[in-house]
$ cat work26.txt   # compact mmCIF, C-alpha atoms and all ligand atoms
# COMPACT_ATOMS: atom_id res chain seq x y z
CA MET B 861 0.00 0.00 0.00
CA ARG B 862 3.04 2.30 0.44
CA PHE B 863 3.14 3.43 -3.15
CA HIS B 864 -0.62 3.74 -3.46
CA LEU B 865 -0.54 6.26 -0.62
CA LEU B 866 2.48 8.07 -2.06
CA ALA B 867 0.66 8.40 -5.39
CA LEU B 868 -2.42 9.88 -3.72
CA LEU B 869 -0.23 12.31 -1.77
CA ALA B 870 1.52 13.35 -5.00
CA LYS B 871 -1.85 14.64 -6.12
CA GLU B 872 -2.52 16.60 -2.92
CA PRO B 873 -1.65 16.54 0.77
CA ALA B 874 -4.22 14.67 2.83
CA HIS B 875 -4.91 13.18 6.24
CA GLY B 876 -5.26 9.48 6.88
CA TYR B 877 -9.00 9.22 6.62
CA GLU B 878 -9.08 11.10 3.32
CA LEU B 879 -6.58 8.60 1.89
CA LYS B 880 -8.77 5.69 2.92
CA GLN B 881 -11.77 7.31 1.23
CA ALA B 882 -9.82 8.08 -1.93
CA LEU B 883 -8.73 4.44 -2.26
CA GLU B 884 -12.26 3.19 -1.75
CA GLN B 885 -13.77 5.63 -4.23
CA THR B 886 -11.21 4.89 -6.92
CA PHE B 887 -11.18 1.10 -6.79
CA GLY B 888 -14.62 0.38 -5.34
CA ALA B 889 -15.28 -2.98 -3.74
CA ALA B 890 -12.51 -4.47 -5.86
CA TYR B 891 -9.85 -2.99 -3.57
CA PRO B 892 -9.22 -4.70 -0.25
CA SER B 893 -10.80 -1.98 1.85
CA PRO B 894 -7.86 -0.82 3.99
CA ASN B 895 -8.59 -0.32 7.66
CA ILE B 896 -7.62 3.03 9.04
CA GLY B 897 -5.09 1.49 11.44
CA GLN B 898 -3.15 -0.05 8.54
CA ILE B 899 -3.09 3.31 6.81
CA TYR B 900 -1.64 5.07 9.86
CA VAL B 901 0.98 2.36 10.36
CA THR B 902 2.03 2.75 6.73
CA LEU B 903 2.08 6.55 6.99
CA ASN B 904 4.30 6.32 10.10
CA ARG B 905 6.77 4.10 8.27
CA LEU B 906 6.77 6.42 5.28
CA THR B 907 7.44 9.33 7.65
CA GLN B 908 10.35 7.48 9.31
CA ASP B 909 11.80 6.74 5.87
CA GLY B 910 11.55 10.41 4.97
CA LEU B 911 9.17 9.81 2.09
CA VAL B 912 6.37 11.84 3.61
CA ARG B 913 6.23 14.65 6.17
CA ALA B 914 3.46 15.07 8.73
CA VAL B 915 2.23 18.52 9.72
CA ASP B 916 -0.01 19.06 12.74
CA VAL B 917 -3.10 21.11 12.04
CA GLU B 918 -4.96 22.58 15.00
CA GLN B 919 -8.66 21.90 15.20
CA SER B 920 -11.06 23.68 17.51
CA ASN B 921 -12.51 21.38 20.22
CA ARG B 922 -10.65 18.38 18.86
CA PRO B 923 -7.18 16.91 19.00
CA ASN B 924 -4.77 18.09 16.31
CA LYS B 925 -4.96 16.24 13.07
CA LYS B 926 -1.99 15.34 10.92
CA VAL B 927 -1.82 16.30 7.28
CA TYR B 928 0.70 14.36 5.21
CA TYR B 929 2.85 15.83 2.45
CA LEU B 930 5.00 14.04 -0.10
CA THR B 931 8.69 14.87 0.24
CA ALA B 932 11.22 15.16 -2.62
CA ARG B 933 12.52 11.71 -1.69
CA GLY B 934 8.97 10.43 -1.67
CA ARG B 935 8.45 11.73 -5.19
CA GLU B 936 11.66 10.01 -6.29
CA ALA B 937 10.57 6.70 -4.79
CA LEU B 938 7.18 7.05 -6.46
CA THR B 939 8.78 7.74 -9.85
CA THR B 940 10.98 4.65 -9.51
CA TRP B 941 7.91 2.55 -8.66
CA VAL B 942 6.00 3.87 -11.67
CA GLU B 943 8.86 3.44 -14.09
CA GLU B 944 10.12 -0.02 -13.14
CA PRO B 945 8.45 -2.95 -14.94
CA THR B 946 5.79 -4.72 -12.89
CA GLU B 947 6.14 -8.40 -11.91
CA GLY B 948 4.95 -10.69 -14.76
CA PRO B 949 3.33 -14.12 -14.52
CA ARG B 950 4.42 -16.51 -11.81
CA VAL B 951 7.06 -18.75 -13.32
CA ARG B 952 7.42 -21.02 -10.31
CA ASP B 953 3.73 -21.51 -9.74
CA GLU B 954 3.21 -23.02 -6.28
CA PHE B 955 0.45 -25.34 -7.43
CA TYR B 956 2.67 -26.68 -10.20
CA MET B 957 5.36 -27.49 -7.64
CA LYS B 958 2.81 -29.53 -5.70
CA LEU B 959 1.55 -31.19 -8.86
CA ILE B 960 4.98 -32.38 -9.89
CA LEU B 961 6.50 -33.17 -6.51
CA ALA B 962 3.63 -34.56 -4.41
CA PRO B 963 2.98 -37.70 -6.50
CA LEU B 964 6.67 -38.61 -6.28
CA THR B 965 6.26 -38.97 -2.53
CA GLY B 966 2.92 -40.80 -2.75
CA ILE B 967 1.14 -38.05 -0.82
CA ALA B 968 -1.44 -37.32 -3.48
CA ASP B 969 -2.32 -38.22 -7.02
CA ARG B 970 -2.32 -35.70 -9.81
CA MET B 971 -5.90 -36.18 -10.89
CA ALA B 972 -7.16 -35.36 -7.40
CA LEU B 973 -4.86 -32.35 -7.12
CA ILE B 974 -5.97 -30.92 -10.46
CA ASN B 975 -9.65 -31.50 -9.76
CA ARG B 976 -9.45 -29.83 -6.36
CA GLN B 977 -7.56 -26.89 -7.80
CA ARG B 978 -10.10 -26.49 -10.62
CA ARG B 979 -12.97 -26.36 -8.17
CA HIS B 980 -11.07 -23.82 -6.11
CA TYR B 981 -10.46 -21.57 -9.12
CA LEU B 982 -14.11 -21.83 -10.14
CA GLY B 983 -15.10 -20.84 -6.61
CA LEU B 984 -12.89 -17.76 -6.93
CA MET B 985 -14.43 -17.02 -10.31
CA ARG B 986 -17.87 -17.16 -8.80
CA GLU B 987 -16.80 -14.62 -6.17
CA LEU B 988 -15.50 -12.37 -8.93
CA ASN B 989 -18.84 -12.71 -10.78
CA GLU B 990 -20.65 -11.68 -7.61
CA LEU B 991 -18.20 -8.87 -6.97
CA ALA B 992 -18.71 -7.52 -10.50
CA GLU B 993 -22.48 -7.63 -9.97
CA ARG B 994 -22.21 -5.68 -6.72
CA THR B 995 -19.87 -3.08 -8.19
CA ASP B 996 -21.26 0.23 -9.39
CA GLN B 997 -21.49 -0.29 -13.17
CA ALA B 998 -20.26 3.28 -13.72
CA ASN B 999 -16.98 2.56 -11.91
CA ARG B 1000 -14.92 1.51 -14.91
CA VAL B 1001 -11.70 1.45 -12.91
CA ALA B 1002 -13.05 -1.13 -10.47
CA LEU B 1003 -14.71 -3.22 -13.21
CA LEU B 1004 -11.51 -3.40 -15.23
CA LEU B 1005 -9.61 -4.55 -12.16
CA ILE B 1006 -12.13 -7.37 -11.72
CA GLU B 1007 -12.04 -8.25 -15.42
CA GLY B 1008 -8.26 -8.50 -15.23
CA ALA B 1009 -8.51 -10.93 -12.32
CA MET B 1010 -11.06 -12.98 -14.28
CA LEU B 1011 -8.83 -13.23 -17.32
CA HIS B 1012 -5.89 -14.36 -15.15
CA LEU B 1013 -8.09 -17.00 -13.57
CA GLN B 1014 -9.30 -18.19 -16.99
CA ALA B 1015 -5.67 -18.57 -18.06
CA ASP B 1016 -4.93 -20.56 -14.89
CA LEU B 1017 -7.85 -22.86 -15.65
CA ASP B 1018 -6.82 -23.33 -19.28
CA TRP B 1019 -3.34 -24.21 -18.10
CA LEU B 1020 -4.73 -26.65 -15.53
CA GLN B 1021 -6.49 -28.40 -18.40
CA ARG B 1022 -3.23 -28.55 -20.35
CA CYS B 1023 -1.59 -30.16 -17.31
CA GLN B 1024 -4.41 -32.71 -17.15
CA GLU B 1025 -4.06 -33.54 -20.85
CA GLU B 1026 -0.27 -33.84 -20.75
CA LEU B 1027 0.43 -35.44 -17.38
CA LEU B 1028 -2.42 -37.90 -16.98
CA MET W 1197 -35.83 -33.31 -5.75
CA SER W 1198 -36.84 -35.07 -8.94
CA VAL W 1199 -34.36 -36.26 -11.51
CA VAL W 1200 -34.93 -34.59 -14.89
CA LEU W 1201 -32.20 -36.26 -16.84
CA LYS W 1202 -30.32 -39.48 -16.26
CA ALA W 1203 -27.61 -41.16 -18.30
CA VAL W 1204 -26.52 -44.71 -17.50
CA ASN W 1205 -23.25 -46.06 -18.84
CA LEU W 1206 -23.63 -43.99 -21.98
CA VAL W 1207 -21.24 -44.86 -24.80
CA LYS W 1208 -20.60 -43.41 -28.23
CA VAL W 1209 -18.30 -44.99 -30.77
CA TYR W 1210 -18.08 -43.30 -34.17
CA THR W 1211 -17.43 -45.88 -36.85
CA ASP W 1212 -18.07 -43.92 -40.04
CA SER W 1213 -14.39 -43.15 -40.70
CA GLY W 1214 -13.16 -46.77 -40.64
CA VAL W 1215 -11.17 -46.71 -37.38
CA PRO W 1216 -13.63 -46.59 -34.49
CA VAL W 1217 -13.45 -43.40 -32.39
CA HIS W 1218 -14.44 -43.90 -28.75
CA ALA W 1219 -15.82 -40.42 -28.12
CA VAL W 1220 -17.80 -41.17 -24.93
CA ARG W 1221 -16.81 -44.13 -22.77
CA GLY W 1222 -19.44 -44.99 -20.20
CA VAL W 1223 -20.85 -41.81 -18.70
CA ASP W 1224 -23.17 -41.90 -15.69
CA LEU W 1225 -24.97 -38.68 -14.88
CA GLU W 1226 -28.04 -37.60 -12.91
CA ILE W 1227 -29.41 -34.09 -13.18
CA GLU W 1228 -32.06 -32.83 -10.82
CA ALA W 1229 -34.83 -30.37 -11.55
CA GLY W 1230 -33.56 -26.80 -11.36
CA GLU W 1231 -29.91 -27.79 -11.38
CA PHE W 1232 -27.37 -25.89 -13.49
CA VAL W 1233 -24.54 -28.18 -14.57
CA ALA W 1234 -21.48 -27.07 -16.54
CA ILE W 1235 -19.52 -29.59 -18.59
CA MET W 1236 -15.87 -28.75 -19.12
CA GLY W 1237 -12.93 -30.52 -20.71
CA PRO W 1238 -10.29 -30.25 -23.43
CA SER W 1239 -11.10 -30.12 -27.12
CA GLY W 1240 -12.03 -33.60 -28.36
CA SER W 1241 -12.88 -34.92 -24.89
CA GLY W 1242 -16.44 -35.73 -25.99
CA LYS W 1243 -18.44 -32.78 -24.68
CA SER W 1244 -20.44 -32.11 -27.86
CA THR W 1245 -20.97 -35.81 -28.46
CA LEU W 1246 -22.34 -36.25 -24.93
CA ILE W 1247 -24.70 -33.28 -25.05
CA HIS W 1248 -25.93 -34.23 -28.52
CA MET W 1249 -26.80 -37.70 -27.27
CA LEU W 1250 -28.58 -36.21 -24.25
CA GLY W 1251 -30.70 -34.14 -26.62
CA GLY W 1252 -31.37 -37.03 -28.98
CA LEU W 1253 -29.43 -35.40 -31.81
CA ASP W 1254 -26.91 -38.19 -32.04
CA ALA W 1255 -27.73 -41.87 -31.49
CA ARG W 1256 -26.00 -43.55 -28.57
CA THR W 1257 -23.94 -46.70 -29.19
CA SER W 1258 -24.99 -48.22 -25.87
CA GLY W 1259 -26.33 -47.17 -22.49
CA GLU W 1260 -29.56 -45.51 -21.38
CA ILE W 1261 -30.98 -42.00 -21.33
CA TRP W 1262 -33.96 -41.08 -19.16
CA LEU W 1263 -35.86 -37.81 -19.41
CA ASP W 1264 -38.49 -36.95 -16.80
CA GLY W 1265 -38.62 -40.57 -15.69
CA ARG W 1266 -39.11 -41.95 -19.18
CA ARG W 1267 -36.58 -43.96 -21.15
CA VAL W 1268 -35.82 -42.00 -24.33
CA ASP W 1269 -32.71 -43.51 -25.91
CA THR W 1270 -34.97 -46.06 -27.59
CA LEU W 1271 -37.14 -43.39 -29.25
CA SER W 1272 -37.28 -43.01 -33.02
CA GLU W 1273 -36.10 -39.80 -34.62
CA SER W 1274 -39.64 -38.48 -34.88
CA GLY W 1275 -40.27 -39.45 -31.27
CA TRP W 1276 -37.27 -37.38 -30.25
CA ALA W 1277 -38.37 -34.48 -32.44
CA LEU W 1278 -41.72 -34.37 -30.64
CA LEU W 1279 -40.07 -34.58 -27.26
CA ARG W 1280 -37.61 -31.78 -28.06
CA ARG W 1281 -40.43 -29.49 -29.16
CA ARG W 1282 -42.09 -29.75 -25.82
CA LYS W 1283 -39.32 -30.35 -23.35
CA VAL W 1284 -35.84 -29.56 -24.59
CA GLY W 1285 -34.13 -26.37 -25.78
CA PHE W 1286 -30.86 -26.87 -27.59
CA VAL W 1287 -28.12 -24.33 -28.36
CA PHE W 1288 -25.68 -25.69 -30.94
CA GLN W 1289 -21.97 -24.93 -30.99
CA ASN W 1290 -22.49 -23.71 -34.60
CA PHE W 1291 -25.90 -22.01 -34.00
CA ASN W 1292 -27.95 -23.93 -36.68
CA LEU W 1293 -30.32 -21.01 -37.29
CA VAL W 1294 -32.75 -21.21 -40.20
CA ALA W 1295 -31.11 -19.05 -42.87
CA ASN W 1296 -34.19 -18.00 -44.83
CA MET W 1297 -36.21 -16.88 -41.80
CA THR W 1298 -35.85 -13.63 -39.86
CA VAL W 1299 -34.32 -13.60 -36.40
CA ALA W 1300 -37.80 -12.99 -34.96
CA ASP W 1301 -39.28 -16.02 -36.75
CA ASN W 1302 -36.35 -18.21 -35.75
CA VAL W 1303 -37.11 -17.44 -32.11
CA GLU W 1304 -40.91 -17.68 -32.37
CA LEU W 1305 -41.06 -20.95 -34.26
CA PRO W 1306 -40.18 -23.32 -31.38
CA ALA W 1307 -42.80 -21.70 -29.17
CA LEU W 1308 -45.43 -22.11 -31.91
CA LEU W 1309 -44.38 -25.72 -32.50
CA ALA W 1310 -44.71 -26.35 -28.78
CA GLY W 1311 -48.31 -25.16 -28.93
CA ALA W 1312 -48.09 -21.54 -27.75
CA SER W 1313 -50.59 -19.06 -29.21
CA PRO W 1314 -49.17 -16.60 -31.75
CA ARG W 1315 -49.53 -13.82 -29.19
CA GLU W 1316 -47.69 -15.75 -26.46
CA ALA W 1317 -44.96 -16.67 -28.93
CA ARG W 1318 -44.51 -13.05 -29.99
CA GLU W 1319 -44.39 -11.76 -26.42
CA ARG W 1320 -41.90 -14.38 -25.41
CA ARG W 1321 -39.75 -13.57 -28.46
CA GLU W 1322 -39.84 -9.82 -27.76
CA ASP W 1323 -38.87 -10.36 -24.16
CA LEU W 1324 -35.96 -12.70 -24.95
CA LEU W 1325 -34.56 -10.55 -27.75
CA ALA W 1326 -34.73 -7.45 -25.55
CA ARG W 1327 -32.93 -9.20 -22.71
CA LEU W 1328 -30.18 -10.26 -25.10
CA ASN W 1329 -29.89 -6.79 -26.59
CA LEU W 1330 -31.12 -7.98 -30.02
CA THR W 1331 -34.35 -6.09 -30.55
CA GLU W 1332 -32.90 -4.07 -33.40
CA ARG W 1333 -31.88 -7.20 -35.29
CA ALA W 1334 -35.31 -8.88 -35.15
CA ASP W 1335 -36.12 -8.43 -38.84
CA ALA W 1336 -32.71 -9.38 -40.22
CA PRO W 1337 -31.88 -12.84 -41.60
CA PRO W 1338 -29.31 -14.69 -39.45
CA GLY W 1339 -26.73 -14.48 -42.23
CA GLN W 1340 -26.43 -10.74 -41.68
CA LEU W 1341 -25.58 -11.14 -37.99
CA SER W 1342 -22.18 -11.40 -36.37
CA GLY W 1343 -21.18 -14.69 -34.77
CA GLY W 1344 -21.90 -13.28 -31.33
CA GLU W 1345 -25.35 -12.08 -32.36
CA GLN W 1346 -26.22 -15.44 -33.93
CA GLN W 1347 -25.14 -17.14 -30.76
CA ARG W 1348 -27.49 -15.01 -28.70
CA VAL W 1349 -30.36 -15.66 -31.16
CA ALA W 1350 -29.68 -19.39 -30.78
CA LEU W 1351 -30.01 -19.04 -27.01
CA ALA W 1352 -33.25 -17.06 -27.33
CA ARG W 1353 -34.62 -19.71 -29.67
CA ALA W 1354 -33.72 -22.51 -27.27
CA LEU W 1355 -35.57 -20.76 -24.44
CA ALA W 1356 -38.62 -19.78 -26.48
CA ASN W 1357 -40.72 -22.86 -25.66
CA ARG W 1358 -39.88 -22.66 -21.94
CA PRO W 1359 -38.22 -26.09 -22.08
CA SER W 1360 -37.96 -28.20 -18.94
CA LEU W 1361 -34.35 -28.82 -19.96
CA LEU W 1362 -31.93 -26.40 -21.63
CA LEU W 1363 -28.96 -28.07 -23.32
CA ALA W 1364 -26.27 -25.71 -24.63
CA ASP W 1365 -22.98 -26.33 -26.39
CA GLU W 1366 -20.56 -23.42 -25.85
CA PRO W 1367 -23.22 -20.72 -25.84
CA THR W 1368 -20.67 -17.96 -25.20
CA GLY W 1369 -17.94 -19.19 -27.53
CA ASN W 1370 -18.18 -16.23 -29.90
CA LEU W 1371 -19.07 -13.47 -27.48
CA ASP W 1372 -17.05 -10.51 -26.32
CA SER W 1373 -17.04 -9.45 -22.67
CA ARG W 1374 -20.12 -7.26 -22.82
CA ASN W 1375 -22.30 -9.77 -24.68
CA THR W 1376 -21.09 -12.53 -22.40
CA ARG W 1377 -22.40 -10.44 -19.54
CA ASP W 1378 -25.87 -10.22 -21.17
CA VAL W 1379 -25.90 -13.98 -21.67
CA LEU W 1380 -24.68 -14.59 -18.13
CA ARG W 1381 -27.41 -12.37 -16.74
CA LEU W 1382 -30.13 -14.14 -18.73
CA LEU W 1383 -28.85 -17.59 -17.74
CA GLY W 1384 -28.66 -16.51 -14.11
CA GLU W 1385 -32.26 -15.25 -14.26
CA VAL W 1386 -33.78 -18.31 -15.95
CA HIS W 1387 -31.82 -20.52 -13.55
CA ARG W 1388 -33.22 -18.63 -10.58
CA ASP W 1389 -36.68 -19.14 -12.08
CA GLY W 1390 -36.05 -22.88 -11.91
CA GLN W 1391 -34.72 -23.65 -15.39
CA THR W 1392 -32.67 -26.86 -15.52
CA ILE W 1393 -29.51 -26.22 -17.53
CA VAL W 1394 -26.76 -28.50 -18.84
CA MET W 1395 -24.10 -26.52 -20.60
CA VAL W 1396 -20.80 -27.26 -22.27
CA THR W 1397 -18.40 -24.37 -21.76
CA HIS W 1398 -14.74 -23.57 -21.49
CA ASP W 1399 -15.55 -20.09 -20.20
CA ALA W 1400 -14.90 -20.13 -16.47
CA ARG W 1401 -17.16 -17.12 -15.88
CA VAL W 1402 -20.07 -19.15 -17.25
CA ALA W 1403 -19.06 -22.34 -15.47
CA ALA W 1404 -18.82 -20.42 -12.20
CA LEU W 1405 -22.56 -19.66 -12.43
CA ALA W 1406 -23.31 -23.37 -12.34
CA ASP W 1407 -24.18 -25.34 -9.21
CA ARG W 1408 -22.02 -28.21 -10.31
CA VAL W 1409 -19.18 -28.86 -12.72
CA VAL W 1410 -18.55 -32.10 -14.62
CA SER W 1411 -15.09 -32.52 -16.14
CA LEU W 1412 -14.53 -34.80 -19.10
CA LEU W 1413 -11.23 -36.25 -20.25
CA ASP W 1414 -10.99 -38.70 -23.16
CA GLY W 1415 -14.71 -39.43 -23.07
CA GLU W 1416 -14.85 -40.15 -19.33
CA ILE W 1417 -16.00 -38.13 -16.35
CA VAL W 1418 -12.95 -37.43 -14.19
CA ASP W 1419 -14.60 -35.01 -11.78
CA ASP W 1420 -18.18 -34.23 -10.82
CA GLY W 1421 -18.98 -31.94 -7.94
CA ARG W 1422 -20.20 -28.67 -6.57
CA ILE W 1423 -18.19 -25.49 -6.70
CA PRO W 1424 -17.08 -24.74 -3.16
CA ARG W 1425 -17.99 -21.55 -1.34
CA ARG W 1426 -15.25 -20.26 0.91
CA ARG W 1427 -17.49 -18.03 2.97
CA PRO W 1428 -20.68 -16.01 2.66
CA ALA W 1429 -20.94 -13.90 -0.50
CA THR W 1430 -20.63 -10.76 1.59
CA GLY W 1431 -17.02 -11.54 2.59
CA THR W 1432 -14.43 -8.86 1.98
CA ALA W 1433 -14.33 -8.48 -1.74
CA GLY W 1434 -10.77 -7.31 -1.90
CA GLU W 1435 -9.31 -10.60 -0.80
CA VAL W 1436 -10.40 -12.22 -4.03
CA ILE W 1437 -8.31 -9.82 -6.03
CA ASP W 1438 -5.52 -9.94 -3.50
CA LEU W 1439 -4.96 -13.62 -4.16
CA ARG W 1440 -3.78 -12.97 -7.67
N1 LIG M 1501 -19.03 -37.52 -36.74
C1 LIG M 1501 -17.89 -37.95 -36.21
N2 LIG M 1501 -17.22 -38.97 -36.76
C2 LIG M 1501 -16.06 -39.41 -36.25
N3 LIG M 1501 -15.49 -38.91 -35.14
C3 LIG M 1501 -16.11 -37.88 -34.53
C4 LIG M 1501 -17.34 -37.34 -35.04
N4 LIG M 1501 -17.69 -36.32 -34.23
C5 LIG M 1501 -16.75 -36.23 -33.28
N5 LIG M 1501 -15.80 -37.16 -33.44
C6 LIG M 1501 -14.63 -37.41 -32.58
O1 LIG M 1501 -15.09 -37.67 -31.27
C7 LIG M 1501 -14.25 -37.06 -30.30
C8 LIG M 1501 -15.05 -36.14 -29.43
O2 LIG M 1501 -15.52 -35.06 -30.22
P1 LIG M 1501 -16.45 -33.91 -29.62
O3 LIG M 1501 -16.89 -33.07 -30.77
O4 LIG M 1501 -17.49 -34.53 -28.78
O5 LIG M 1501 -15.40 -33.13 -28.71
P2 LIG M 1501 -15.59 -31.77 -27.87
O6 LIG M 1501 -15.22 -32.10 -26.46
O7 LIG M 1501 -16.95 -31.21 -28.12
O8 LIG M 1501 -14.48 -30.83 -28.50
P3 LIG M 1501 -14.47 -29.22 -28.75
O9 LIG M 1501 -14.13 -28.60 -27.43
O10 LIG M 1501 -13.38 -29.03 -29.74
O11 LIG M 1501 -15.82 -28.83 -29.29
C9 LIG M 1501 -13.15 -36.37 -31.09
O12 LIG M 1501 -12.04 -37.23 -31.12
C10 LIG M 1501 -13.75 -36.20 -32.46
O13 LIG M 1501 -12.76 -36.20 -33.44
MG MG M 1502 -17.63 -29.46 -29.04
$ encode --input "work26.txt" --output "C-alpha cells" --more "lines below"
Ligand SMILES: Nc1ncnc2c1ncn2[C@@H]1O[C@H](COP(=O)(O)OP(=O)(O)OP(=O)(O)O)[C@@H](O)[C@H]1O
Ligand SMILES: [Mg+2]
Amino acid sequence: MRFHLLALLAKEPAHGYELKQALEQTFGAAYPSPNIGQIYVTLNRLTQDGLVRAVDVEQSNRPNKKVYYLTARGREALTTWVEEPTEGPRVRDEFYMKLILAPLTGIADRMALINRQRRHYLGLMRELNELAERTDQANRVALLLIEGAMLHLQADLDWLQRCQEELL
Amino acid sequence: MSVVLKAVNLVKVYTDSGVPVHAVRGVDLEIEAGEFVAIMGPSGSGKSTLIHMLGGLDARTSGEIWLDGRRVDTLSESGWALLRRRKVGFVFQNFNLVANMTVADNVELPALLAGASPREARERREDLLARLNLTERADAPPGQLSGGEQQRVALARALANRPSLLLADEPTGNLDSRNTRDVLRLLGEVHRDGQTIVMVTHDARVAALADRVVSLLDGEIVDDGRIPRRRPATGTAGEVIDLR
C-alpha cells in the first residue's frame, strides 16, 4: 500500500481518513478496503523513511490532526515505482510445484490435485462474478480490475487443463 | 428433488471413418430439476458428443438415457423431435439457425411448434430478444448477424418454448465481454426461475454460475462436484483480487 498512498499524496496533501476514502472511491469494492489502522501504520513508516512529512493542524474542540505531504525523496521513490516494470506471470507456480512433486512422494495423485484446484479456481471465479455484480457499473476502474482478475483466472484454468491432458 | 435427466453407462463410438473413435466411454450422470450443470474438458474430450446424445441429436452406441422418468434412448427420430419441441431447448456450438427466416421467426417458431398461441410466442420472443440486446436485429436474416449475435439468437430460440431442460454447447464461444455479460445475466435469471440447464463451456465465468461442474477427459467423467464456497458472499471483496 506504500506506493498507493504516495501516489495519492503526490496529487494533494491529505490526512489518513481522506486517503482511505480516496482508495475506496477509486477502486470500489474491488480494492481490499484498507482499515484506518493499517493506513496510519504505513504513513508512520513512510514518515520514518523520509518519504512523507506530517504537519499538525490545529482543530477547535478536537485533537490536532496530521496532514501528510510528499517529500522530494517520496516523489523520487514514487517515480521509480511507476517506471520499473511490474512483476509478470508466476514462473514457479506453487500449485505446479505440488503437482509435480507430491505424487513422487505418494502423498497425493495428480488427478485429485488438479480436480481440487479447478474447483477452487471456479469458486474464486464465482466470487468475482458476484463482486462484478455488486460493483457500481459506472466505476470503470473497479470493473476493469475485476475483469483482469477474471482473465488471469481463466488462463490458470486453461493451463490446468493442459496439465491434465499432458500429465495424466 | 426429482431427476430430470439421467444417463446410464452412456457410450458413443463413431465408426463412419473406418477406425472406431471412442468419443464417450461410459458416462453416468443424474441431473435434478432446477440444477445448473457445466460440462468442461479439453477439445475432443467428448463434450459435444455427450450433449448431442442427451438431446437425442446423435444416437447412442450403448447405455440408457432417461428424461423426466421416461426412457428415451430407444425413441425413433420423430419421437425425439416431438419430445424436443415440448421439453428440450438446444443451443448448438455452430448455431444452426434457419437461414431464410428472420431472427424474430427463428425465435418464435419453437414456441409455436410447442403449442403456444401466436400472441404468447410473440411476447416471449420480444422479451428474450430485448434481454439479449437484439431487438434491433429482429427483422434481419441470421446471415447478416455477427457470430456473437447469432449465438445469442440461438439461445433465445432454445428458451422460447420454456423447455424443462436447456442443453447448450458453448453458448458464449463467440461473445465478447459485454455480450457474455448479457448472456450470463439471462442464464442466471432463468436458472433462478427454476430452469434446468446443462451446458458445455470452457468459459470459467459461465461455469462459475453453475451449481455443479462435470469434467470430461478422453470421453470419461474425471470429476463431478459442486463449486465450493469459501465463505458467505458478503465476505471482503478485496481478498479475491488480492490472491492474484
Ligand atoms: N461424426 C464424427 N465422426 C467421427 N469422429 C467424430 C465425429 N464427431 C466427433 N468425433 C470425434 O469424437 C471425439 C469427441 O468429439 P467432440 O466433438 O465430442 O469433442 P468436444 O469435447 O466437443 O471438442 P471441442 O471442445 O473441440 O468442441 C473427437 O475425437 C472427435 O474427433
Ligand atoms: Mg464441441
$ interface_residues --input "work26.txt" --of "chain B" --to "chain W" --cutoff "9 Å" --atoms "only C-alpha atoms" --output "ChimeraX atom specification"
/B:889-893,971-972,975,979-991,1005-1007,1009-1010,1012-1014,1017-1018,1021-1022,1024-1025
$ write_last_selection --input "work26.txt" --atoms "C-alpha atoms" --output "PDB file, keeping the file's coordinate frame"
ATOM      1  CA  ALA B 889     -15.280  -2.980  -3.740  1.00  0.00           C
ATOM      2  CA  ALA B 890     -12.510  -4.470  -5.860  1.00  0.00           C
ATOM      3  CA  TYR B 891      -9.850  -2.990  -3.570  1.00  0.00           C
ATOM      4  CA  PRO B 892      -9.220  -4.700  -0.250  1.00  0.00           C
ATOM      5  CA  SER B 893     -10.800  -1.980   1.850  1.00  0.00           C
ATOM      6  CA  MET B 971      -5.900 -36.180 -10.890  1.00  0.00           C
ATOM      7  CA  ALA B 972      -7.160 -35.360  -7.400  1.00  0.00           C
ATOM      8  CA  ASN B 975      -9.650 -31.500  -9.760  1.00  0.00           C
ATOM      9  CA  ARG B 979     -12.970 -26.360  -8.170  1.00  0.00           C
ATOM     10  CA  HIS B 980     -11.070 -23.820  -6.110  1.00  0.00           C
ATOM     11  CA  TYR B 981     -10.460 -21.570  -9.120  1.00  0.00           C
ATOM     12  CA  LEU B 982     -14.110 -21.830 -10.140  1.00  0.00           C
ATOM     13  CA  GLY B 983     -15.100 -20.840  -6.610  1.00  0.00           C
ATOM     14  CA  LEU B 984     -12.890 -17.760  -6.930  1.00  0.00           C
ATOM     15  CA  MET B 985     -14.430 -17.020 -10.310  1.00  0.00           C
ATOM     16  CA  ARG B 986     -17.870 -17.160  -8.800  1.00  0.00           C
ATOM     17  CA  GLU B 987     -16.800 -14.620  -6.170  1.00  0.00           C
ATOM     18  CA  LEU B 988     -15.500 -12.370  -8.930  1.00  0.00           C
ATOM     19  CA  ASN B 989     -18.840 -12.710 -10.780  1.00  0.00           C
ATOM     20  CA  GLU B 990     -20.650 -11.680  -7.610  1.00  0.00           C
ATOM     21  CA  LEU B 991     -18.200  -8.870  -6.970  1.00  0.00           C
ATOM     22  CA  LEU B1005      -9.610  -4.550 -12.160  1.00  0.00           C
ATOM     23  CA  ILE B1006     -12.130  -7.370 -11.720  1.00  0.00           C
ATOM     24  CA  GLU B1007     -12.040  -8.250 -15.420  1.00  0.00           C
ATOM     25  CA  ALA B1009      -8.510 -10.930 -12.320  1.00  0.00           C
ATOM     26  CA  MET B1010     -11.060 -12.980 -14.280  1.00  0.00           C
ATOM     27  CA  HIS B1012      -5.890 -14.360 -15.150  1.00  0.00           C
ATOM     28  CA  LEU B1013      -8.090 -17.000 -13.570  1.00  0.00           C
ATOM     29  CA  GLN B1014      -9.300 -18.190 -16.990  1.00  0.00           C
ATOM     30  CA  LEU B1017      -7.850 -22.860 -15.650  1.00  0.00           C
ATOM     31  CA  ASP B1018      -6.820 -23.330 -19.280  1.00  0.00           C
ATOM     32  CA  GLN B1021      -6.490 -28.400 -18.400  1.00  0.00           C
ATOM     33  CA  ARG B1022      -3.230 -28.550 -20.350  1.00  0.00           C
ATOM     34  CA  GLN B1024      -4.410 -32.710 -17.150  1.00  0.00           C
ATOM     35  CA  GLU B1025      -4.060 -33.540 -20.850  1.00  0.00           C
TER      36      GLU B1025
END
$ atom_distance --input "work26.txt" --atom1 "CA of Leu1330 in chain W" --atom2 "CA of Leu1383 in chain W"
15.8 Å
$ residues_near_point --input "work26.txt" --point "(2.2, -7.9, -15.3)" --cutoff "12 Å" --atoms "only C-alpha atoms" --output "list in words"
Glu944, Pro945, Thr946, Glu947, Gly948, Pro949, Arg950, Gly1008, Ala1009 and His1012 of chain B; Arg1440 of chain W
$ residues_near_ligand --input "work26.txt" --ligand "ligand MG 1502 (chain M)" --cutoff "8 Å" --atoms "all atoms listed in the file" --output "PyMOL selection string"
chain W and resi 1239-1240+1242-1245+1289+1365-1366+1396
